[in-house]
Each structure stands twice: as C-alpha cells, then as structure tokens.
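Enquirer: Sharing coords_16.tsv here; it has TSV, C-alpha atoms.
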```
chain	number	residue	atom	x	y	z
A	1	MET	CA	-74.58	32.50	34.93
A	2	ARG	CA	-73.52	31.84	38.50
A	3	PRO	CA	-72.50	34.91	40.48
A	4	GLN	CA	-68.82	33.93	40.69
A	5	ALA	CA	-68.59	33.15	36.99
A	6	TYR	CA	-70.29	36.43	36.27
A	7	ALA	CA	-67.81	38.27	38.48
A	8	ASN	CA	-64.92	36.57	36.73
A	9	ALA	CA	-66.30	37.43	33.32
A	10	MET	CA	-66.74	41.05	34.36
A	11	ASN	CA	-63.26	41.05	35.77
A	12	ASP	CA	-61.85	39.63	32.54
A	13	GLU	CA	-63.70	42.24	30.59
A	14	THR	CA	-62.32	45.13	32.65
A	15	SER	CA	-58.84	43.60	32.53
A	16	ARG	CA	-59.00	43.37	28.80
A	17	ALA	CA	-60.34	46.90	28.44
A	18	PHE	CA	-57.58	48.18	30.70
A	19	PHE	CA	-54.89	46.25	28.87
A	20	GLU	CA	-56.15	47.33	25.46
A	21	ARG	CA	-56.26	50.96	26.46
A	22	GLU	CA	-52.81	50.91	28.06
A	23	ILE	CA	-51.09	49.08	25.27
A	24	GLY	CA	-52.80	51.29	22.73
A	25	GLN	CA	-51.39	54.35	24.44
A	26	LEU	CA	-47.92	52.86	24.78
A	27	LEU	CA	-47.62	51.23	21.37
A	28	ASP	CA	-45.70	54.11	19.74
A	29	SER	CA	-43.24	54.25	22.66
A	30	LEU	CA	-42.79	50.49	22.67
A	31	TYR	CA	-42.22	50.51	18.93
A	32	GLY	CA	-39.91	53.53	19.18
A	33	ALA	CA	-37.77	51.80	21.81
A	34	ALA	CA	-37.87	48.51	19.89
A	35	LEU	CA	-36.65	50.26	16.74
A	36	ARG	CA	-33.58	51.59	18.51
A	37	LEU	CA	-32.92	48.25	20.18
A	38	CYS	CA	-33.35	46.09	17.08
A	39	ARG	CA	-32.27	48.73	14.57
A	40	ASN	CA	-34.66	47.52	11.90
A	41	ARG	CA	-38.39	47.67	11.41
A	42	ALA	CA	-39.21	44.02	10.87
A	43	ASP	CA	-37.45	42.85	14.05
A	44	ALA	CA	-38.90	45.78	16.01
A	45	GLU	CA	-42.44	44.84	14.96
A	46	ASP	CA	-41.87	41.19	15.87
A	47	LEU	CA	-40.42	42.20	19.21
A	48	VAL	CA	-43.37	44.42	20.12
A	49	ALA	CA	-45.89	41.77	19.02
A	50	GLU	CA	-44.10	39.18	21.15
A	51	VAL	CA	-44.00	41.55	24.11
A	52	ALA	CA	-47.73	42.27	23.80
A	53	ALA	CA	-48.47	38.53	23.76
A	54	LYS	CA	-46.26	37.84	26.77
A	55	ALA	CA	-47.67	40.78	28.67
A	56	TRP	CA	-51.26	39.75	28.02
A	57	SER	CA	-50.68	36.16	29.04
A	58	SER	CA	-49.00	37.20	32.30
A	59	PHE	CA	-51.20	40.22	32.95
A	60	GLY	CA	-52.66	38.51	36.02
A	61	GLU	CA	-49.24	38.74	37.68
A	62	LEU	CA	-49.24	42.53	37.54
A	63	LYS	CA	-50.31	43.53	41.04
A	64	ASP	CA	-50.22	47.28	40.72
A	65	ARG	CA	-51.77	48.58	37.53
A	66	GLN	CA	-50.16	51.98	38.05
A	67	SER	CA	-46.85	50.35	37.21
A	68	PHE	CA	-48.01	48.97	33.86
A	69	ARG	CA	-45.56	51.06	31.84
A	70	GLY	CA	-42.48	49.96	33.81
A	71	TRP	CA	-43.74	46.39	33.82
A	72	ILE	CA	-44.22	46.16	30.05
A	73	PHE	CA	-40.89	47.87	29.32
A	74	ARG	CA	-39.25	45.35	31.58
A	75	ILE	CA	-40.79	42.60	29.45
A	76	LEU	CA	-39.57	44.41	26.33
A	77	THR	CA	-36.02	44.68	27.66
A	78	ASN	CA	-35.88	41.07	28.83
A	79	THR	CA	-37.34	39.73	25.61
A	80	TYR	CA	-34.89	41.75	23.56
A	81	CYS	CA	-31.92	40.63	25.65
A	82	SER	CA	-32.89	36.97	25.43
A	83	VAL	CA	-33.33	37.23	21.65
A	84	CYS	CA	-29.82	38.70	21.49
A	85	ARG	CA	-28.37	35.93	23.58
A	86	HIS	CA	-29.95	33.31	21.32
A	87	ARG	CA	-28.70	34.93	18.15
A	88	ARG	CA	-25.14	35.16	19.23
A	89	ALA	CA	-23.16	31.97	18.91
A	90	SER	CA	-20.67	33.34	21.40
A	91	PRO	CA	-21.21	36.19	23.81
A	92	GLU	CA	-20.40	39.63	22.48
A	93	ILE	CA	-16.99	40.74	23.61
A	94	ALA	CA	-17.84	43.23	26.26
A	95	VAL	CA	-16.21	46.62	25.94
A	96	ASP	CA	-14.84	46.73	29.51
A	97	LEU	CA	-18.45	47.27	30.38
A	98	ASP	CA	-18.25	48.08	34.00
A	99	GLU	CA	-14.82	49.55	34.28
A	100	GLU	CA	-14.16	53.20	34.13
A	101	GLY	CA	-13.82	54.21	30.52
A	102	GLY	CA	-10.81	55.88	29.01
A	103	GLU	CA	-11.06	58.83	26.68
A	104	GLU	CA	-14.57	57.91	25.62
A	105	ALA	CA	-15.85	58.46	29.15
A	106	SER	CA	-15.32	62.16	28.99
A	107	PHE	CA	-16.16	63.17	25.45
A	108	CYS	CA	-18.35	66.22	25.44
A	109	ILE	CA	-19.59	68.20	22.42
A	110	PHE	CA	-20.05	71.35	24.47
A	111	GLU	CA	-16.36	71.52	25.31
A	112	ARG	CA	-15.42	70.96	21.68
A	113	LEU	CA	-17.55	73.90	20.69
A	114	HIS	CA	-16.12	76.10	23.41
A	115	GLN	CA	-12.49	76.27	22.53
A	116	PRO	CA	-11.01	79.19	24.42
A	117	PHE	CA	-9.09	80.51	21.42
A	118	LEU	CA	-12.23	80.82	19.31
A	119	LEU	CA	-14.07	84.08	19.51
A	120	TRP	CA	-17.76	83.48	19.25
A	121	TRP	CA	-20.26	86.15	18.48
A	122	GLY	CA	-23.02	83.68	17.95
A	123	ASN	CA	-24.14	80.72	19.94
A	124	PRO	CA	-22.25	77.68	18.66
A	125	GLU	CA	-23.96	75.12	20.86
A	126	GLN	CA	-27.41	76.36	19.93
A	127	GLU	CA	-26.41	76.31	16.30
A	128	PHE	CA	-25.15	72.76	16.64
A	129	LEU	CA	-28.40	71.58	18.23
A	130	ASN	CA	-30.52	73.44	15.70
A	131	LYS	CA	-28.89	71.46	12.90
A	132	LEU	CA	-29.27	68.15	14.61
A	133	LEU	CA	-31.92	66.05	12.90
A	134	ARG	CA	-33.84	63.13	14.28
A	135	ARG	CA	-32.07	60.76	11.90
A	136	ASP	CA	-28.67	62.00	13.11
A	137	LEU	CA	-29.65	61.10	16.65
A	138	GLU	CA	-31.02	57.73	15.57
A	139	ARG	CA	-27.81	56.89	13.72
A	140	ALA	CA	-25.71	57.80	16.74
A	141	ILE	CA	-27.89	55.72	19.08
A	142	ASP	CA	-27.76	52.77	16.70
A	143	ALA	CA	-23.95	52.93	16.70
A	144	LEU	CA	-23.71	52.49	20.49
A	145	PRO	CA	-22.43	49.20	21.92
A	146	GLU	CA	-25.43	47.14	22.93
A	147	ALA	CA	-25.11	47.38	26.71
A	148	PHE	CA	-24.89	51.17	26.53
A	149	ARG	CA	-27.66	51.37	23.96
A	150	VAL	CA	-30.16	49.55	26.16
A	151	VAL	CA	-29.52	51.94	29.06
A	152	VAL	CA	-29.57	55.03	26.86
A	153	VAL	CA	-32.88	53.94	25.30
A	154	LEU	CA	-34.48	53.35	28.70
A	155	ALA	CA	-33.15	56.52	30.35
A	156	GLU	CA	-32.98	59.11	27.60
A	157	LEU	CA	-35.64	57.98	25.15
A	158	GLU	CA	-38.17	56.56	27.58
A	159	GLY	CA	-37.38	58.58	30.70
A	160	PHE	CA	-37.08	55.77	33.25
A	161	THR	CA	-35.21	56.48	36.49
A	162	TYR	CA	-31.92	54.79	37.39
A	163	PRO	CA	-33.58	52.54	40.02
A	164	GLU	CA	-36.29	51.53	37.54
A	165	ILE	CA	-33.68	50.61	34.94
A	166	ALA	CA	-31.60	48.75	37.52
A	167	ALA	CA	-34.66	46.65	38.39
A	168	MET	CA	-35.44	45.98	34.72
A	169	LEU	CA	-31.92	44.83	33.93
A	170	ASP	CA	-31.28	43.21	37.28
A	171	VAL	CA	-28.06	45.15	37.86
A	172	PRO	CA	-27.00	47.59	40.61
A	173	VAL	CA	-27.93	51.28	40.24
A	174	GLY	CA	-24.22	52.15	40.07
A	175	THR	CA	-23.92	50.00	36.96
A	176	VAL	CA	-26.78	51.87	35.33
A	177	ARG	CA	-25.15	55.18	36.19
A	178	SER	CA	-21.78	54.16	34.78
A	179	ARG	CA	-23.19	52.65	31.57
A	180	LEU	CA	-25.38	55.67	31.01
A	181	SER	CA	-22.51	58.03	31.52
A	182	ARG	CA	-20.30	56.13	29.09
A	183	GLY	CA	-23.19	55.67	26.69
A	184	ARG	CA	-23.76	59.42	26.64
A	185	ALA	CA	-20.10	60.10	25.96
A	186	CYS	CA	-20.11	57.57	23.08
A	187	LEU	CA	-23.26	59.13	21.74
A	188	GLN	CA	-21.80	62.63	21.81
A	189	ARG	CA	-18.66	61.42	20.12
A	190	ALA	CA	-20.70	59.75	17.38
A	191	LEU	CA	-22.78	62.90	16.88
A	192	TRP	CA	-19.61	64.96	16.73
A	193	GLU	CA	-18.00	62.67	14.18
A	194	GLN	CA	-21.14	62.67	12.04
A	195	ALA	CA	-21.18	66.47	12.16
A	196	LEU	CA	-17.49	66.56	11.19
A	197	ALA	CA	-18.10	64.19	8.27
A	198	ALA	CA	-21.05	66.28	7.11
A	199	GLY	CA	-18.94	69.46	7.29
A	200	LEU	CA	-21.19	71.03	9.94
A	201	VAL	CA	-18.33	71.57	12.35
A	202	ARG	CA	-14.56	71.83	12.02
A	203	GLU	CA	-11.96	69.82	13.86
A	204	ASP	CA	-11.07	72.89	15.94
A	205	GLY	CA	-14.64	73.30	17.12
A	206	GLY	CA	-15.57	76.07	14.74
A	207	ILE	CA	-18.76	76.03	12.74
A	208	PRO	CA	-18.06	76.87	9.10
A	209	ALA	CA	-19.93	79.97	8.08
A	210	ALA	CA	-20.82	78.39	4.77
A	211	ALA	CA	-22.68	75.60	6.51
A	212	ALA	CA	-24.79	78.10	8.35
A	213	ALA	CA	-25.42	80.77	5.74
A	214	GLU	CA	-24.73	79.50	2.25
A	215	GLU	CA	-26.01	75.99	2.13
A	216	GLY	CA	-25.85	74.50	-1.32
A	217	LYS	CA	-23.56	77.12	-2.85
A	218	GLY	CA	-20.22	76.12	-4.24
A	219	PRO	CA	-16.91	77.56	-2.94
B	220	MET	CA	-27.26	82.59	51.68
B	221	ASN	CA	-23.63	83.47	51.19
B	222	GLU	CA	-21.09	82.62	48.54
B	223	ALA	CA	-19.52	79.98	50.73
B	224	ASP	CA	-22.61	77.80	50.23
B	225	ASP	CA	-21.97	77.62	46.52
B	226	ILE	CA	-20.52	74.46	45.03
B	227	SER	CA	-17.59	74.70	42.63
B	228	CYS	CA	-17.98	74.59	38.85
B	229	GLU	CA	-16.14	71.29	38.90
B	230	GLU	CA	-18.69	69.78	41.25
B	231	ALA	CA	-21.54	71.28	39.28
B	232	LEU	CA	-20.31	69.81	35.99
B	233	ALA	CA	-19.78	66.41	37.58
B	234	ARG	CA	-23.42	66.43	38.65
B	235	VAL	CA	-25.00	68.01	35.62
B	236	PHE	CA	-26.50	64.81	34.21
B	237	ALA	CA	-27.70	63.51	37.57
B	238	TYR	CA	-29.31	66.92	38.04
B	239	LEU	CA	-31.05	66.85	34.66
B	240	ASP	CA	-32.10	63.24	35.27
B	241	ARG	CA	-33.58	64.38	38.61
B	242	GLU	CA	-31.54	61.77	40.42
B	243	LEU	CA	-30.01	64.13	43.01
B	244	ASP	CA	-31.37	64.30	46.52
B	245	GLU	CA	-33.19	67.46	47.49
B	246	HIS	CA	-30.17	69.09	49.09
B	247	ALA	CA	-27.81	68.43	46.16
B	248	HIS	CA	-30.52	69.47	43.70
B	249	GLY	CA	-30.91	72.78	45.54
B	250	GLU	CA	-27.14	73.36	45.50
B	251	MET	CA	-27.13	72.81	41.76
B	252	GLU	CA	-29.98	75.22	41.19
B	253	ARG	CA	-28.27	77.90	43.23
B	254	HIS	CA	-25.02	77.38	41.35
B	255	LEU	CA	-26.73	77.55	37.96
B	256	ARG	CA	-28.46	80.79	38.88
B	257	ARG	CA	-25.10	82.27	39.69
B	258	CYS	CA	-22.77	80.80	37.10
B	259	ARG	CA	-23.40	81.57	33.49
B	260	GLY	CA	-20.86	79.07	32.16
B	261	CYS	CA	-22.38	76.11	33.97
B	262	PHE	CA	-25.87	77.33	33.16
B	263	THR	CA	-25.04	77.36	29.44
B	264	ARG	CA	-23.60	73.87	29.67
B	265	ALA	CA	-26.67	72.57	31.53
B	266	GLU	CA	-28.96	74.16	28.95
B	267	PHE	CA	-27.05	72.47	26.13
B	268	GLU	CA	-27.41	69.06	27.77
B	269	ARG	CA	-31.04	69.73	28.60
B	270	ARG	CA	-31.87	70.51	24.98
B	271	LEU	CA	-29.94	67.53	23.70
B	272	LYS	CA	-31.83	65.33	26.17
B	273	ALA	CA	-35.14	66.76	24.98
B	274	GLN	CA	-34.23	66.05	21.36
B	275	LEU	CA	-33.25	62.49	22.26
B	276	ARG	CA	-36.49	62.02	24.11
B	277	GLN	CA	-38.39	62.75	20.93
B	278	THR	CA	-36.80	59.79	19.19
B	279	GLY	CA	-38.28	57.47	21.83
B	280	SER	CA	-41.61	57.26	20.08
B	281	SER	CA	-42.35	56.16	16.53
B	282	GLU	CA	-45.73	55.68	14.98
B	283	ALA	CA	-46.49	51.97	15.10
B	284	PRO	CA	-47.19	50.63	11.60
B	285	ALA	CA	-50.79	49.61	10.87
B	286	ALA	CA	-49.69	45.98	10.52
B	287	LEU	CA	-48.34	45.97	14.06
B	288	GLN	CA	-51.49	47.57	15.42
B	289	THR	CA	-53.51	44.86	13.69
B	290	ARG	CA	-51.29	42.11	15.10
B	291	VAL	CA	-51.68	43.40	18.63
B	292	GLY	CA	-55.44	43.82	18.15
B	293	GLN	CA	-55.81	40.26	16.85
B	294	LEU	CA	-53.85	38.93	19.76
B	295	LEU	CA	-56.37	40.33	22.20
B	296	GLY	CA	-59.27	39.20	20.06
B	297	ARG	CA	-58.10	35.61	20.31
B	298	TYR	CA	-58.70	35.35	24.05
```
Represent the supplied structure as structure tokens.
Expert:
Amino acid sequence: MRPQAYANAMNDETSRAFFEREIGQLLDSLYGAALRLCRNRADAEDLVAEVAAKAWSSFGELKDRQSFRGWIFRILTNTYCSVCRHRRASPEIAVDLDEEGGEEASFCIFERLHQPFLLWWGNPEQEFLNKLLRRDLERAIDALPEAFRVVVVLAELEGFTYPEIAAMLDVPVGTVRSRLSRGRACLQRALWEQALAAGLVREDGGIPAAAAAEEGKGP
Amino acid sequence: MNEADDISCEEALARVFAYLDRELDEHAHGEMERHLRRCRGCFTRAEFERRLKAQLRQTGSSEAPAALQTRVGQLLGRY
C-alpha cells in the first residue's frame, strides 16, 4: 500500500471508529427526541436511521468533532422538518407563531396551585410534581403545536442553548425564546388539564385529599 | 450589598426560565441568585420550575430498540 493510501485508510478507520462510538452514545437521545417529534415508534426509528445514514455520508463536512452532538441533532431537526413539509399537502396553519400569545402565553401551574385563599399545610407544588409520570409529560409534549414542540424538545429534553437551537432551525434567537416560552405555557396548561381530568387537582387549585391518601377507595 | 441592589419579584419571575436555562449574562444571573436567596416566594417558584425541567429532561432519552441499533450498525458495515 502506498503511504498516502495507507494514511487515508487509517484516517477512514479512525473516522469510522469515532462515528460509531459517538452515534452509539447518542442513539438513545436521538431516538428519544425522534419519538417526541414523530409521536410514534415506527416513524421515529425510520427518522433516526435516515439521520444516521445522512450523517455518515456527510461526516467529512464536520470540521470540529467536538460539535458532533449539535451537528447530528441539526440533521435530525432538518430531516424531520423536511419530512413534515412533504407530508402536508398544504402548510399547517400556523398558530400566530411569532406573535405574542394571548392567555396561553402566561399559563403557569405554580400560580394555579398557589391560590391565596387556599390554606396549605403541605407542599402542593411538590405533591403535583411527585404525581407526574413520564407518560403524562410525554402526552403533554405530544399535544404541543409542531413549531413549539420542536423547540421544547431541543431545549428542555435535549438541553441545547437558545443560540444552538436558533442555528439548527435557522431562525433568530428571539424567535427561539418566544416559541419556547409559549411552548412551556402550552405544556403546563396541558399538564394541568390532564391532572384535572384525572382528578389529581381541583379547578380551584386544591389537591383532593382522596387522591393523595386514599387512592383506589370509593367515596 | 444593600437591599437597593435587589431586583423586584416581578423582574425575577420574568427571568426565571432564562435563569434556569443559564441564558442570562453573568450580572443578571448574579442578581437572580441574590434575589432567590432572599425571597422565599420566588425561590419556591424557581424550584418548582427547576424540578419540572429535570423531569422533562428525563423524557429526552429512550432506549433505542434492538432493530434500530442493528439498522445503524449495518449502515456503517456497508461502507
């Protein structure tokens, strides 16, 4: 083997080893994010497989290997968004995406639980969080409008910074901030409504004693 | 440091998410920390949001099914 060919082969080998190791470590996060984006397992698996293929074929374009995680999530986000665009015959009717929201913009579970006229001996917000299950959170995320969901997944689930998300989505940082803020409010409203429907909280912000102490017993 | 340096509860609540997201500059972050040390109400609110954030963060990862792991492995094997 000529020296240059040997160097290339070595280089390919280390690239592959690096890629394999990185994607192996990130696979559960990629799949976790894909599940919340696609909202079903089959599409999420297809999405991650497609992302892995795209990432591997353009791996040479990644200049700084330290930024692998951001780079591959950018591919995930872009691939997901282009799949969405293809599937929709007409663009989704945007929910006043970048305007200030109305009531939804300020919904906050904490304030609901802290009604001034309620006397609390316990710790209602802790109690609320203690009862929150992973599937409750997943349901609430899945119910978010798509543009909010993407930002919530990247920021809250995957921990990317606002500037990183802005670069991934090709939008200004202010847009990320506003979508995230509205996404959070929608999410809290959905969690609150689920808790109301399940009888875990009351409309007035109280937590029924029965839900806390006597689960399963009749009235 | 005197009380006059403290930000209001209104300002603190407006910044609570940016604070938890670590998106505030050093000065604003410091103001928040000082306020939270002093104000129990805002501290409780910040703790609620911090815990909710942590619970959300846990949903960001899901064990990839064996079939997906195989697909990704095969993909690399092909080159």
Enquirer: Using all atoms listed in the file and a cut-off of 9 Å, which residues of chain B sit close to chain A? Please list them as a PDB file with C-alpha atoms, in the coordinates of the input.
Expert:
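The resulting file, result04.pdb, is shown below:
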```
ATOM      1  CA  PHE B 236     -26.500  64.810  34.210  1.00  0.00           C
ATOM      2  CA  ALA B 237     -27.700  63.510  37.570  1.00  0.00           C
ATOM      3  CA  ASP B 240     -32.100  63.240  35.270  1.00  0.00           C
ATOM      4  CA  ARG B 241     -33.580  64.380  38.610  1.00  0.00           C
ATOM      5  CA  GLU B 242     -31.540  61.770  40.420  1.00  0.00           C
ATOM      6  CA  THR B 263     -25.040  77.360  29.440  1.00  0.00           C
ATOM      7  CA  ARG B 264     -23.600  73.870  29.670  1.00  0.00           C
ATOM      8  CA  PHE B 267     -27.050  72.470  26.130  1.00  0.00           C
ATOM      9  CA  GLU B 268     -27.410  69.060  27.770  1.00  0.00           C
ATOM     10  CA  ARG B 270     -31.870  70.510  24.980  1.00  0.00           C
ATOM     11  CA  LEU B 271     -29.940  67.530  23.700  1.00  0.00           C
ATOM     12  CA  LYS B 272     -31.830  65.330  26.170  1.00  0.00           C
ATOM     13  CA  ALA B 273     -35.140  66.760  24.980  1.00  0.00           C
ATOM     14  CA  GLN B 274     -34.230  66.050  21.360  1.00  0.00           C
ATOM     15  CA  LEU B 275     -33.250  62.490  22.260  1.00  0.00           C
ATOM     16  CA  ARG B 276     -36.490  62.020  24.110  1.00  0.00           C
ATOM     17  CA  GLN B 277     -38.390  62.750  20.930  1.00  0.00           C
ATOM     18  CA  THR B 278     -36.800  59.790  19.190  1.00  0.00           C
ATOM     19  CA  GLY B 279     -38.280  57.470  21.830  1.00  0.00           C
ATOM     20  CA  SER B 280     -41.610  57.260  20.080  1.00  0.00           C
ATOM     21  CA  SER B 281     -42.350  56.160  16.530  1.00  0.00           C
ATOM     22  CA  GLU B 282     -45.730  55.680  14.980  1.00  0.00           C
ATOM     23  CA  ALA B 283     -46.490  51.970  15.100  1.00  0.00           C
ATOM     24  CA  PRO B 284     -47.190  50.630  11.600  1.00  0.00           C
ATOM     25  CA  ALA B 286     -49.690  45.980  10.520  1.00  0.00           C
ATOM     26  CA  LEU B 287     -48.340  45.970  14.060  1.00  0.00           C
ATOM     27  CA  GLN B 288     -51.490  47.570  15.420  1.00  0.00           C
ATOM     28  CA  ARG B 290     -51.290  42.110  15.100  1.00  0.00           C
ATOM     29  CA  VAL B 291     -51.680  43.400  18.630  1.00  0.00           C
ATOM     30  CA  GLY B 292     -55.440  43.820  18.150  1.00  0.00           C
ATOM     31  CA  LEU B 294     -53.850  38.930  19.760  1.00  0.00           C
ATOM     32  CA  LEU B 295     -56.370  40.330  22.200  1.00  0.00           C
TER      33      LEU B 295
END
```
Enquirer: Which polymer residues, whether protein, DNA or RNA, lie within 12 Å of the coordinate (-20.0, 64.8, 9.4) when you count all atoms listed in the file? List them as an MDAnalysis selection string, using the chain letters and numbers from the file.
Expert: chainID A and resid 128 131:132 136 139:140 189:203 207 211
Enquirer: With 4 Å added on each side, what axis-aligned box encloses every listed atom of range 125-140 of chain A? Give the centre and edge lengths in Å to one decimal, as lines of an AutoDock Vina configuration file.
Expert:
```
center_x = -28.9
center_y = 66.6
center_z = 16.4
size_x = 17.9
size_y = 27.5
size_z = 17.0
```
Enquirer: Would you kindly return, as a short mmCIF file (atom, residue, chain, number, x, y, z; two decimals) with C-alpha atoms, keeping the file's coordinate frame, each protein, DNA or RNA residue with an atom no farther than 8 Å from any atom of Phe148 in chain A, considering only C-alpha atoms and excluding same-chain residues fewer than 3 positions away?
Expert:
```cif
data_model
loop_
_atom_site.label_atom_id
_atom_site.label_comp_id
_atom_site.auth_asym_id
_atom_site.auth_seq_id
_atom_site.Cartn_x
_atom_site.Cartn_y
_atom_site.Cartn_z
CA LEU A 144 -23.71 52.49 20.49
CA PRO A 145 -22.43 49.20 21.92
CA VAL A 151 -29.52 51.94 29.06
CA VAL A 152 -29.57 55.03 26.86
CA ARG A 179 -23.19 52.65 31.57
CA LEU A 180 -25.38 55.67 31.01
CA ARG A 182 -20.30 56.13 29.09
CA GLY A 183 -23.19 55.67 26.69
#
```
Enquirer: Could you check which of A:Met168, A:Leu62, A:Ala147, A:Leu47 is closest to Arg74 in chain A, using only C-alpha atoms?
Expert: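 Looking only at the distances to Arg74 in chain A, the closest residue turns out to be A:Met168.
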Enquirer: Quick one: residues within 12 Å of Glu230 in chain B, only C-alpha atoms counted, chain neighbours fewer than 2 positions away excluded, as a list in words?
Expert: Asp225, Ile226, Ser227, Cys228, Leu232, Ala233, Arg234, Val235, Phe236, Ala237, Tyr238, Ala247, Glu250, Met251, His254, Leu255 and Cys261 of chain B
Enquirer: Using CA of Ser106 in chain A and CA of Cys186 in chain A as the two end points, give the distance in Å to one decimal.
Expert: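 Rounded to one decimal, the two atoms are 8.9 Å apart.
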Enquirer: Record the distance separating CA of Ala185 in chain A and CA of Ala143 in chain A, expressed in Å with one decimal.
Expert: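 One can read the CA of Ala185 in chain A to CA of Ala143 in chain A distance as 12.3 Å.
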Enquirer: In Å, with one decimal, what is the gap from CA of Arg69 in chain A to CA of Glu22 in chain A?
Expert: 8.2 Å
Enquirer: Could you check the closest approach to Val176 in chain A for each of A:Arg149, A:Arg87, A:Arg39, A:Lys63 and tell me which residue wins, using all atoms listed in the file?
Expert: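 Distance minimum relative to Val176 in chain A lands on A:Arg149.
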Enquirer: Between A:Leu113, A:Cys81, A:Glu127, A:Ile75, which one has atoms that come closest to Gly205 in chain A, using only C-alpha atoms?
Expert: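 Of A:Leu113, A:Cys81, A:Glu127, A:Ile75, the one nearest Gly205 in chain A, counting only C-alpha atoms, is A:Leu113.
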Enquirer: Within 6 Å of (-35.3, 39.8, 25.8) (file coordinates; only C-alpha atoms), which protein or nucleic acid residues are there? I'd like them as a PyMOL selection string.
Expert: chain A and resi 77-83
